[in-house]
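**Student:** File follows, protein-v8.pdb with PDB, C-alpha atoms:
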```pdb
ATOM      1  CA  MET A   1       0.000   0.000   0.000
ATOM      2  CA  ASP A   2       2.859   2.373   0.753
ATOM      3  CA  GLU A   3       4.159   1.739  -2.765
ATOM      4  CA  ILE A   4       0.782   2.806  -4.156
ATOM      5  CA  PHE A   5       0.944   6.095  -2.242
ATOM      6  CA  ASP A   6       4.489   6.693  -3.470
ATOM      7  CA  THR A   7       3.310   6.091  -7.036
ATOM      8  CA  LEU A   8       0.457   8.558  -6.559
ATOM      9  CA  LEU A   9       2.806  11.252  -5.285
ATOM     10  CA  SER A  10       5.224  10.635  -8.147
ATOM     11  CA  SER A  11       2.380  10.906 -10.657
ATOM     12  CA  TYR A  12       1.282  14.158  -9.040
ATOM     13  CA  ASP A  13       4.817  15.576  -9.164
ATOM     14  CA  ASP A  14       5.037  14.636 -12.845
ATOM     15  CA  GLY A  15       1.759  16.406 -13.587
ATOM     16  CA  LEU A  16      -0.062  13.214 -14.563
ATOM     17  CA  ILE A  17      -2.890  13.749 -12.057
ATOM     18  CA  SER A  18      -4.481  16.945 -10.751
ATOM     19  CA  ASP A  19      -4.973  18.154  -7.161
ATOM     20  CA  GLU A  20      -8.565  16.902  -7.137
ATOM     21  CA  GLU A  21      -7.608  13.501  -8.539
ATOM     22  CA  LEU A  22      -4.855  13.084  -5.950
ATOM     23  CA  LEU A  23      -7.198  13.874  -3.050
ATOM     24  CA  LEU A  24      -9.935  11.642  -4.434
ATOM     25  CA  LEU A  25      -7.572   8.678  -4.799
ATOM     26  CA  GLN A  26      -6.100   9.242  -1.339
ATOM     27  CA  ASP A  27      -9.565   9.299   0.218
ATOM     28  CA  TYR A  28     -10.526   6.131  -1.628
ATOM     29  CA  LEU A  29      -7.440   4.308  -0.425
ATOM     30  CA  CYS A  30      -8.013   5.492   3.134
ATOM     31  CA  ILE A  31     -11.551   4.076   3.333
ATOM     32  CA  SER A  32     -11.134   0.973   1.177
ATOM     33  CA  PRO A  33     -11.263  -2.334   3.086
ATOM     34  CA  ASN A  34      -7.747  -3.319   2.089
ATOM     35  CA  ARG A  35      -6.418  -0.023   3.334
ATOM     36  CA  HIS A  36      -8.088   0.318   6.726
ATOM     37  CA  SER A  37      -7.728  -3.381   7.529
ATOM     38  CA  ASN A  38      -3.971  -2.832   7.648
ATOM     39  CA  PHE A  39      -4.169   0.588   9.296
ATOM     40  CA  PRO A  40      -2.762   0.214  12.835
ATOM     41  CA  TYR A  41      -5.590   1.985  14.677
ATOM     42  CA  ARG A  42      -5.296  -0.512  17.544
ATOM     43  CA  ASP A  43      -1.795   0.815  18.181
ATOM     44  CA  TYR A  44      -3.289   4.097  19.401
ATOM     45  CA  ASN A  45      -4.889   4.759  22.761
ATOM     46  CA  PRO A  46      -8.626   5.472  22.994
ATOM     47  CA  PHE A  47      -9.759   9.089  23.077
ATOM     48  CA  ASP A  48      -8.780  10.633  26.430
ATOM     49  CA  TRP A  49     -10.895  13.693  27.129
ATOM     50  CA  GLU A  50      -9.572  14.312  30.629
ATOM     51  CA  ASN A  51      -5.967  14.725  29.519
ATOM     52  CA  LEU A  52      -6.682  17.140  26.670
ATOM     53  CA  ASP A  53      -5.311  20.601  27.356
ATOM     54  CA  GLU A  54      -7.073  23.877  26.607
ATOM     55  CA  LEU A  55      -4.920  24.771  23.609
ATOM     56  CA  THR A  56      -5.494  21.409  21.936
ATOM     57  CA  CYS A  57      -9.261  21.759  22.311
ATOM     58  CA  LYS A  58      -9.227  25.257  20.874
ATOM     59  CA  VAL A  59      -7.047  24.317  17.908
ATOM     60  CA  GLU A  60      -8.540  20.912  17.112
ATOM     61  CA  PHE A  61     -12.208  21.519  17.963
ATOM     62  CA  ARG A  62     -12.602  25.333  17.722
ATOM     63  CA  PHE A  63     -14.186  25.486  21.191
ATOM     64  CA  ASP A  64     -12.815  26.022  24.694
ATOM     65  CA  LYS A  65     -12.621  22.798  26.685
ATOM     66  CA  GLN A  66     -15.126  23.960  29.281
ATOM     67  CA  ASP A  67     -17.657  24.806  26.565
ATOM     68  CA  ILE A  68     -17.697  21.441  24.769
ATOM     69  CA  PRO A  69     -19.646  19.569  27.504
ATOM     70  CA  ARG A  70     -22.088  22.489  27.548
ATOM     71  CA  LEU A  71     -22.376  22.213  23.777
ATOM     72  CA  GLN A  72     -23.064  18.492  24.137
ATOM     73  CA  GLU A  73     -25.915  19.274  26.523
ATOM     74  CA  ALA A  74     -27.317  22.057  24.331
ATOM     75  CA  LEU A  75     -27.273  19.809  21.260
ATOM     76  CA  GLN A  76     -28.887  17.005  23.279
ATOM     77  CA  PHE A  77     -26.179  14.440  22.654
ATOM     78  CA  PRO A  78     -26.714  11.436  24.968
ATOM     79  CA  GLU A  79     -24.030  10.114  27.291
ATOM     80  CA  MET A  80     -23.607   7.091  25.022
ATOM     81  CA  ILE A  81     -24.653   6.611  21.416
ATOM     82  CA  PHE A  82     -25.241   3.262  19.761
ATOM     83  CA  ILE A  83     -24.974   2.925  15.991
ATOM     84  CA  PRO A  84     -26.706  -0.275  14.814
ATOM     85  CA  HIS A  85     -24.402  -2.870  13.257
ATOM     86  CA  ALA A  86     -21.447  -0.527  13.705
ATOM     87  CA  THR A  87     -20.187   0.691  17.077
ATOM     88  CA  ASP A  88     -20.965   2.574  20.260
ATOM     89  CA  CYS A  89     -19.350   5.785  21.378
ATOM     90  CA  PRO A  90     -19.613   8.299  24.249
ATOM     91  CA  GLY A  91     -21.638  11.316  23.168
ATOM     92  CA  LEU A  92     -18.843  13.714  24.087
ATOM     93  CA  GLU A  93     -16.376  11.799  21.925
ATOM     94  CA  ALA A  94     -18.846  11.735  19.011
ATOM     95  CA  LEU A  95     -19.170  15.516  19.222
ATOM     96  CA  CYS A  96     -15.384  15.903  19.290
ATOM     97  CA  ILE A  97     -15.053  13.652  16.236
ATOM     98  CA  LEU A  98     -17.494  15.890  14.365
ATOM     99  CA  LEU A  99     -15.749  19.092  15.464
ATOM    100  CA  LYS A 100     -12.367  17.684  14.469
ATOM    101  CA  ARG A 101     -13.701  16.710  11.037
ATOM    102  CA  PHE A 102     -15.212  20.172  10.473
ATOM    103  CA  ALA A 103     -12.323  22.205  11.885
ATOM    104  CA  TYR A 104     -10.020  21.373   8.997
ATOM    105  CA  PRO A 105     -10.323  19.254   5.820
ATOM    106  CA  VAL A 106      -8.622  16.195   7.282
ATOM    107  CA  ARG A 107      -9.125  12.638   6.085
ATOM    108  CA  TYR A 108     -10.584  10.077   8.436
ATOM    109  CA  CYS A 109      -7.284   8.191   8.517
ATOM    110  CA  ASP A 110      -5.630  11.386   9.808
ATOM    111  CA  MET A 111      -8.006  11.325  12.794
ATOM    112  CA  VAL A 112      -7.119   7.780  13.861
ATOM    113  CA  PRO A 113      -4.194   8.731  16.172
ATOM    114  CA  MET A 114      -6.363  11.078  18.248
ATOM    115  CA  PHE A 115      -9.390   8.810  18.649
ATOM    116  CA  GLY A 116      -7.935   5.305  18.323
ATOM    117  CA  ARG A 117     -10.808   4.167  16.110
ATOM    118  CA  SER A 118     -10.920   2.637  12.649
ATOM    119  CA  VAL A 119     -11.761   4.707   9.591
ATOM    120  CA  PRO A 120     -15.235   3.127   9.108
ATOM    121  CA  GLU A 121     -16.073   3.841  12.761
ATOM    122  CA  LEU A 122     -15.036   7.479  12.455
ATOM    123  CA  CYS A 123     -17.061   7.834   9.260
ATOM    124  CA  LYS A 124     -20.219   6.324  10.774
ATOM    125  CA  ILE A 125     -19.919   8.369  13.974
ATOM    126  CA  THR A 126     -19.457  11.579  11.988
ATOM    127  CA  GLN A 127     -22.528  10.870   9.864
ATOM    128  CA  TYR A 128     -24.518  10.049  13.000
ATOM    129  CA  ALA A 129     -23.524  13.363  14.592
ATOM    130  CA  ILE A 130     -24.357  15.344  11.442
ATOM    131  CA  ASN A 131     -27.783  13.730  11.130
ATOM    132  CA  ARG A 132     -28.566  14.144  14.820
ATOM    133  CA  ILE A 133     -27.792  17.870  14.849
ATOM    134  CA  TYR A 134     -29.579  18.462  11.550
ATOM    135  CA  ASN A 135     -32.711  16.532  12.538
ATOM    136  CA  ASN A 136     -32.957  18.003  16.041
ATOM    137  CA  HIS A 137     -31.814  21.576  15.473
ATOM    138  CA  GLY A 138     -31.670  22.385  11.758
ATOM    139  CA  PHE A 139     -35.239  23.710  11.833
ATOM    140  CA  ARG A 140     -34.163  26.486  14.221
ATOM    141  CA  LEU A 141     -32.458  28.259  11.328
ATOM    142  CA  GLN A 142     -35.793  28.616   9.521
ATOM    143  CA  SER A 143     -38.224  29.058  12.409
ATOM    144  CA  TRP A 144     -39.254  32.538  13.538
ATOM    145  CA  ASN A 145     -40.580  31.118  16.805
ATOM    146  CA  GLN A 146     -37.294  31.792  18.596
ATOM    147  CA  PRO A 147     -36.714  33.874  21.762
ATOM    148  CA  PHE A 148     -34.075  36.023  20.051
ATOM    149  CA  LEU A 149     -36.586  36.920  17.288
ATOM    150  CA  SER A 150     -39.250  38.306  19.614
ATOM    151  CA  PRO A 151     -40.636  41.806  18.858
ATOM    152  CA  GLU A 152     -38.658  43.210  21.789
ATOM    153  CA  ASN A 153     -35.397  41.794  20.479
ATOM    154  CA  LEU A 154     -36.068  42.781  16.867
ATOM    155  CA  GLU A 155     -36.671  46.340  18.041
ATOM    156  CA  SER A 156     -33.424  46.306  20.039
ATOM    157  CA  TYR A 157     -31.520  45.095  16.956
ATOM    158  CA  ALA A 158     -32.973  47.957  14.910
ATOM    159  CA  ASN A 159     -31.919  50.441  17.599
ATOM    160  CA  ALA A 160     -28.399  48.992  17.702
ATOM    161  CA  ILE A 161     -28.018  49.237  13.920
ATOM    162  CA  HIS A 162     -29.288  52.825  13.973
ATOM    163  CA  VAL A 163     -26.814  53.766  16.717
ATOM    164  CA  LYS A 164     -24.007  52.387  14.548
ATOM    165  CA  GLY A 165     -24.888  54.857  11.814
ATOM    166  CA  SER A 166     -27.836  53.466   9.880
ATOM    167  CA  PRO A 167     -30.212  56.120   8.501
ATOM    168  CA  LEU A 168     -32.990  53.520   8.761
ATOM    169  CA  LEU A 169     -34.745  53.366  12.107
ATOM    170  CA  THR A 170     -36.442  50.040  11.398
ATOM    171  CA  CYS A 171     -33.664  47.819   9.989
ATOM    172  CA  PHE A 172     -33.075  44.836  12.297
ATOM    173  CA  GLY A 173     -30.779  42.717  10.103
ATOM    174  CA  PHE A 174     -29.163  42.062   6.743
ATOM    175  CA  ILE A 175     -29.901  39.521   4.038
ATOM    176  CA  ASP A 176     -27.527  38.128   1.468
ATOM    177  CA  GLY A 177     -26.969  35.103  -0.714
ATOM    178  CA  THR A 178     -24.010  32.906   0.178
ATOM    179  CA  VAL A 179     -22.293  30.946  -2.600
ATOM    180  CA  ARG A 180     -20.552  27.785  -1.398
ATOM    181  CA  PRO A 181     -18.177  26.206  -3.957
ATOM    182  CA  ILE A 182     -18.379  22.436  -4.423
ATOM    183  CA  CYS A 183     -16.471  19.825  -6.387
ATOM    184  CA  ARG A 184     -17.513  19.733 -10.026
ATOM    185  CA  PRO A 185     -20.194  17.036 -10.368
ATOM    186  CA  SER A 186     -20.035  14.410 -13.080
ATOM    187  CA  VAL A 187     -23.658  15.012 -14.160
ATOM    188  CA  ASN A 188     -26.017  18.012 -14.236
ATOM    189  CA  GLN A 189     -23.124  20.448 -14.061
ATOM    190  CA  ARG A 190     -25.138  23.373 -15.426
ATOM    191  CA  ILE A 191     -27.621  23.176 -12.563
ATOM    192  CA  VAL A 192     -24.997  24.024  -9.958
ATOM    193  CA  TYR A 193     -22.797  26.268 -12.115
ATOM    194  CA  ASN A 194     -22.735  29.858 -10.895
ATOM    195  CA  GLY A 195     -21.984  32.131 -13.836
ATOM    196  CA  HIS A 196     -21.211  35.152 -11.658
ATOM    197  CA  LYS A 197     -18.537  33.369  -9.615
ATOM    198  CA  ARG A 198     -17.630  31.025 -12.489
ATOM    199  CA  LEU A 199     -17.612  27.894 -10.381
ATOM    200  CA  HIS A 200     -19.851  25.013  -9.344
ATOM    201  CA  ALA A 201     -21.665  25.765  -6.125
ATOM    202  CA  ILE A 202     -24.738  25.549  -3.969
ATOM    203  CA  LYS A 203     -26.329  28.673  -2.531
ATOM    204  CA  PHE A 204     -27.840  29.643   0.798
ATOM    205  CA  GLN A 205     -29.930  32.651   1.745
ATOM    206  CA  SER A 206     -28.742  34.034   5.068
ATOM    207  CA  ILE A 207     -30.005  36.649   7.496
ATOM    208  CA  CYS A 208     -27.606  37.983  10.118
ATOM    209  CA  ILE A 209     -28.472  40.159  13.105
ATOM    210  CA  PRO A 210     -26.316  42.387  15.357
ATOM    211  CA  ASN A 211     -26.022  39.886  18.228
ATOM    212  CA  GLY A 212     -23.805  37.698  16.044
ATOM    213  CA  LEU A 213     -26.372  35.018  15.232
ATOM    214  CA  ILE A 214     -27.590  33.687  11.917
ATOM    215  CA  ALA A 215     -31.285  34.433  12.297
ATOM    216  CA  ASN A 216     -32.414  32.518   9.236
ATOM    217  CA  LEU A 217     -30.756  30.186   6.741
ATOM    218  CA  SER A 218     -32.540  28.863   3.673
ATOM    219  CA  GLY A 219     -31.051  26.269   1.366
ATOM    220  CA  PRO A 220     -29.327  24.580  -0.244
ATOM    221  CA  TRP A 221     -30.350  26.034  -3.598
ATOM    222  CA  GLU A 222     -28.978  25.416  -7.065
ATOM    223  CA  GLY A 223     -25.847  27.419  -7.764
ATOM    224  CA  ARG A 224     -27.345  28.944 -10.921
ATOM    225  CA  MET A 225     -30.325  30.520  -9.112
ATOM    226  CA  HIS A 226     -30.553  34.297  -8.712
ATOM    227  CA  ASP A 227     -30.930  35.773  -5.231
ATOM    228  CA  ALA A 228     -34.325  37.267  -6.091
ATOM    229  CA  ARG A 229     -35.637  33.894  -7.222
ATOM    230  CA  ILE A 230     -34.391  32.228  -4.048
ATOM    231  CA  LEU A 231     -36.158  34.926  -2.042
ATOM    232  CA  GLY A 232     -39.437  34.170  -3.779
ATOM    233  CA  GLU A 233     -39.199  30.399  -3.502
ATOM    234  CA  SER A 234     -37.994  30.404   0.111
ATOM    235  CA  GLY A 235     -41.211  31.966   1.398
ATOM    236  CA  LEU A 236     -39.232  34.495   3.429
ATOM    237  CA  MET A 237     -41.374  37.483   2.454
ATOM    238  CA  GLN A 238     -44.472  35.825   3.922
ATOM    239  CA  ASP A 239     -42.577  35.225   7.172
ATOM    240  CA  LEU A 240     -41.415  38.838   7.290
ATOM    241  CA  ARG A 241     -44.949  40.137   6.770
ATOM    242  CA  GLN A 242     -46.151  37.918   9.599
ATOM    243  CA  HIS A 243     -43.422  38.226  12.222
ATOM    244  CA  THR A 244     -41.297  41.374  11.830
ATOM    245  CA  PHE A 245     -43.011  44.158  13.735
ATOM    246  CA  ALA A 246     -41.999  46.334  16.666
ATOM    247  CA  LEU A 247     -43.989  46.369  19.901
ATOM    248  CA  ASP A 248     -46.064  49.328  18.692
ATOM    249  CA  GLY A 249     -46.850  47.604  15.379
ATOM    250  CA  THR A 250     -44.277  49.448  13.272
ATOM    251  CA  PRO A 251     -43.067  47.244  10.380
ATOM    252  CA  LEU A 252     -39.406  46.289  10.672
ATOM    253  CA  CYS A 253     -37.218  45.449   7.701
ATOM    254  CA  LEU A 254     -34.124  43.747   6.391
ATOM    255  CA  TYR A 255     -31.548  45.467   4.212
ATOM    256  CA  GLY A 256     -30.109  43.741   1.152
ATOM    257  CA  ASP A 257     -28.258  44.590  -2.023
ATOM    258  CA  SER A 258     -29.831  45.745  -5.271
ATOM    259  CA  ALA A 259     -30.513  42.139  -6.357
ATOM    260  CA  TYR A 260     -33.522  42.079  -4.037
ATOM    261  CA  PRO A 261     -36.871  43.797  -4.679
ATOM    262  CA  LEU A 262     -37.947  46.846  -2.696
ATOM    263  CA  ARG A 263     -40.681  46.035  -0.181
ATOM    264  CA  VAL A 264     -41.966  47.349   3.146
ATOM    265  CA  HIS A 265     -40.029  44.639   4.991
ATOM    266  CA  LEU A 266     -37.063  44.602   2.607
ATOM    267  CA  GLN A 267     -35.026  47.697   1.767
ATOM    268  CA  GLN A 268     -32.226  48.182  -0.749
ATOM    269  CA  PRO A 269     -29.771  50.923  -1.789
ATOM    270  CA  PHE A 270     -30.761  53.657  -4.199
ATOM    271  CA  ARG A 271     -29.910  52.677  -7.759
ATOM    272  CA  ASN A 272     -29.068  54.561 -10.964
ATOM    273  CA  ASN A 273     -26.005  56.444  -9.740
ATOM    274  CA  ALA A 274     -26.323  59.117 -12.421
ATOM    275  CA  ALA A 275     -29.588  60.385 -10.931
ATOM    276  CA  LEU A 276     -28.715  60.153  -7.235
ATOM    277  CA  THR A 277     -28.781  63.207  -5.019
ATOM    278  CA  GLU A 278     -26.109  63.806  -2.399
ATOM    279  CA  ASP A 279     -28.475  62.621   0.355
ATOM    280  CA  MET A 280     -29.086  59.391  -1.540
ATOM    281  CA  ARG A 281     -25.365  58.821  -1.936
ATOM    282  CA  GLN A 282     -24.796  59.406   1.766
ATOM    283  CA  TYR A 283     -27.618  56.988   2.570
ATOM    284  CA  ASN A 284     -26.046  54.264   0.424
ATOM    285  CA  LYS A 285     -22.634  54.885   1.965
ATOM    286  CA  ALA A 286     -23.921  54.762   5.535
ATOM    287  CA  MET A 287     -25.932  51.582   4.987
ATOM    288  CA  SER A 288     -23.006  49.916   3.233
ATOM    289  CA  SER A 289     -20.733  50.732   6.165
ATOM    290  CA  VAL A 290     -23.140  49.300   8.736
ATOM    291  CA  ARG A 291     -23.844  46.273   6.587
ATOM    292  CA  VAL A 292     -20.160  45.384   6.294
ATOM    293  CA  SER A 293     -19.728  45.606  10.072
ATOM    294  CA  VAL A 294     -22.447  42.981  10.567
ATOM    295  CA  GLU A 295     -21.942  40.732   7.533
ATOM    296  CA  TRP A 296     -18.554  39.548   8.776
ATOM    297  CA  LEU A 297     -20.715  36.830  10.289
ATOM    298  CA  PHE A 298     -21.160  35.241   6.854
ATOM    299  CA  GLY A 299     -17.435  34.497   6.788
ATOM    300  CA  GLU A 300     -17.237  33.181  10.337
ATOM    301  CA  ILE A 301     -18.547  29.743   9.385
ATOM    302  CA  THR A 302     -15.719  29.091   6.940
ATOM    303  CA  LYS A 303     -13.237  30.746   9.291
ATOM    304  CA  TYR A 304     -13.866  28.281  12.114
ATOM    305  CA  PHE A 305     -14.978  25.261  10.094
ATOM    306  CA  LYS A 306     -12.540  25.042   7.193
ATOM    307  CA  PHE A 307     -13.995  21.765   5.957
ATOM    308  CA  VAL A 308     -16.989  23.563   4.424
ATOM    309  CA  ASP A 309     -14.607  25.763   2.423
ATOM    310  CA  PHE A 310     -12.662  22.871   0.881
ATOM    311  CA  LYS A 311     -14.599  22.152  -2.270
ATOM    312  CA  GLN A 312     -12.653  19.015  -3.242
ATOM    313  CA  GLN A 313     -14.276  17.230  -0.290
ATOM    314  CA  LEU A 314     -17.787  18.498  -1.054
ATOM    315  CA  LYS A 315     -19.043  16.036  -3.634
ATOM    316  CA  ILE A 316     -22.702  15.734  -4.599
ATOM    317  CA  ARG A 317     -23.997  12.165  -4.104
ATOM    318  CA  LEU A 318     -20.979  11.297  -1.960
ATOM    319  CA  SER A 319     -21.374  13.800   0.891
ATOM    320  CA  PRO A 320     -24.415  15.503   2.467
ATOM    321  CA  ILE A 321     -22.988  18.881   1.489
ATOM    322  CA  GLY A 322     -26.155  20.830   2.287
ATOM    323  CA  LYS A 323     -26.433  19.285   5.745
ATOM    324  CA  ILE A 324     -22.759  19.948   6.427
ATOM    325  CA  TYR A 325     -23.146  23.711   5.924
ATOM    326  CA  ILE A 326     -26.391  23.868   7.904
ATOM    327  CA  VAL A 327     -24.857  21.925  10.801
ATOM    328  CA  SER A 328     -21.847  24.264  10.697
ATOM    329  CA  ALA A 329     -24.239  27.216  10.987
ATOM    330  CA  VAL A 330     -25.939  25.587  13.988
ATOM    331  CA  LEU A 331     -22.534  25.118  15.626
ATOM    332  CA  GLN A 332     -21.614  28.719  14.826
ATOM    333  CA  ASN A 333     -24.783  29.949  16.529
ATOM    334  CA  SER A 334     -23.999  27.768  19.516
TER     335      SER A 334
END
```
In structure tokens, write the structure found in this file.
**Tutor:**
Amino acid sequence: MDEIFDTLLSSYDDGLISDEELLLLQDYLCISPNRHSNFPYRDYNPFDWENLDELTCKVEFRFDKQDIPRLQEALQFPEMIFIPHATDCPGLEALCILLKRFAYPVRYCDMVPMFGRSVPELCKITQYAINRIYNNHGFRLQSWNQPFLSPENLESYANAIHVKGSPLLTCFGFIDGTVRPICRPSVNQRIVYNGHKRLHAIKFQSICIPNGLIANLSGPWEGRMHDARILGESGLMQDLRQHTFALDGTPLCLYGDSAYPLRVHLQQPFRNNAALTEDMRQYNKAMSSVRVSVEWLFGEITKYFKFVDFKQQLKIRLSPIGKIYIVSAVLQNS
């Protein structure tokens, strides 16, 4: 097997295979029966939570050590999980396996020394953790029945944005479309091809609010879809008309770019620069400044969970790429 890896690296150095082909072949060899049957996972000690130091937890899992048990409780991970016909695993270890997988685009065989488990076990535990978080908490990113989206809180967000320099008194958050690159699929490439970014991708519609949370996340959508079309098909406007009001009944709104339509609950910058007055220009400048200060949140997911930004690992039909991003957003909100 080592000779096969040496041959792969030599072929890569000679330009016979691309980056994507090298990674794909390495992953295949890592999870193939012949490969993991010889992988010395039994030579490593089982996962030892108690002896992990603070720095290791922060680097490997992106959370402080004291916060991971609290995260386990918040995500409702049991003390012990049982995967039929596969393995059992402490809930805390399962969460750490997921966080390790998301923190950086590592292969499962690279995780063996830390957890002392075989590649198939790590794969099954990771998929279990993804499905559990998605099934139990994914809906929270689309539900408006959340304490932090109460009329009192929406009004406080609007006040905070206004204090930061927004000319709008009623803007409580910002909406934008997020393009997530993926590995080029073998079929139906045009469906996920984004002509603006010139890459294959899936899209999400995100709403961020000043407290640092993702208030709403809709997707995944086809990479070719326009933001305005996603807005219409997501049903967001109906939710805004139903839920986004201040305590006195004043309609509150989101602010988005010029790709979105102008509505009572959805504002946009003034367009047609040639006809803009000075006040209009100042309005656009002020809103753009405030928007940038809040929309850093859109980049936080890929900052802390690098796996979702490594498109060679995000393969349609081979990975639940939509779930992976949604679960990352849930973890980010946590």
**Student:** Leaving out Asn188 in chain A and any residue of its chain fewer than 6 positions from it, which residues lie within 12 Å of it when counting only C-alpha atoms, given as a PyMOL selection string?
**Tutor:** chain A and resi 200+222-224+316-317
**Student:** Name the residues that the PyMOL selection byres ((chain A and resi 119) around 6) pulls out of this structure, and write them as a tab-separated table (two decimals) with C-alpha atoms, keeping the file's coordinate frame.
**Tutor:**
```tsv
chain	number	residue	atom	x	y	z
A	108	TYR	CA	-10.58	10.08	8.44
A	109	CYS	CA	-7.28	8.19	8.52
A	118	SER	CA	-10.92	2.64	12.65
A	120	PRO	CA	-15.24	3.13	9.11
A	121	GLU	CA	-16.07	3.84	12.76
A	122	LEU	CA	-15.04	7.48	12.46
```
**Student:** Which distance in Å separates CA of Ser150 in chain A and CA of Asp176 in chain A, to one decimal?
**Tutor:**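 Calculated distance between CA of Ser150 in chain A and CA of Asp176 in chain A is 21.6 Å.
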**Student:** Which residues of range 77-173 of chain A come within 12 Å of range 263-266 of chain A, and what is each one's closest atom pair and distance in Å (one decimal), counting only C-alpha atoms, sorted by chain and residue number, as JSON lines?
**Tutor:**
```
{"residue": "A:Leu168", "atom": "CA", "partner": "A:Leu266", "partner_atom": "CA", "distance": 11.6}
{"residue": "A:Thr170", "atom": "CA", "partner": "A:His265", "partner_atom": "CA", "distance": 9.1}
{"residue": "A:Cys171", "atom": "CA", "partner": "A:His265", "partner_atom": "CA", "distance": 8.7}
{"residue": "A:Phe172", "atom": "CA", "partner": "A:His265", "partner_atom": "CA", "distance": 10.1}
{"residue": "A:Gly173", "atom": "CA", "partner": "A:Leu266", "partner_atom": "CA", "distance": 10.0}
```
**Student:** What does the distance from CA of Asn333 in chain A to CA of Gly249 in chain A come to in Å, to one decimal?
**Tutor:** 28.3 Å
**Student:** Could you check how far CA of Asp64 in chain A sits from CA of Pro90 in chain A, in Å to one decimal?
**Tutor:**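 Taking CA of Asp64 in chain A as the start and CA of Pro90 in chain A as the end point, the length is 19.0 Å.
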**Student:** Sorted by chain and rising residue number, which residues of range 159-213 of chain A lie within 9 Å of range 225-236 of chain A, and what are their closest atom pairs and distances in Å to one decimal, counting all atoms listed in the file, as a Markdown table?
**Tutor:**
```
| residue | atom | partner | partner_atom | distance |
| --- | --- | --- | --- | --- |
| A:Asp176 | CA | A:Asp227 | CA | 7.9 |
| A:Gly177 | CA | A:Asp227 | CA | 6.0 |
| A:Ile191 | CA | A:Met225 | CA | 8.6 |
| A:Val192 | CA | A:Met225 | CA | 8.4 |
| A:Asn194 | CA | A:Met225 | CA | 7.8 |
| A:Lys203 | CA | A:Met225 | CA | 7.9 |
| A:Phe204 | CA | A:Ile230 | CA | 8.5 |
| A:Gln205 | CA | A:Ile230 | CA | 7.3 |
```
**Student:** Check the smallest atom-to-atom distance from each of A:Val308, A:Gly138, A:Ala86, A:Ser288 to Leu99 in chain A using all atoms listed in the file, then report the winner.
**Tutor:**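 Using all atoms listed in the file, Leu99 in chain A sits closest to A:Val308.
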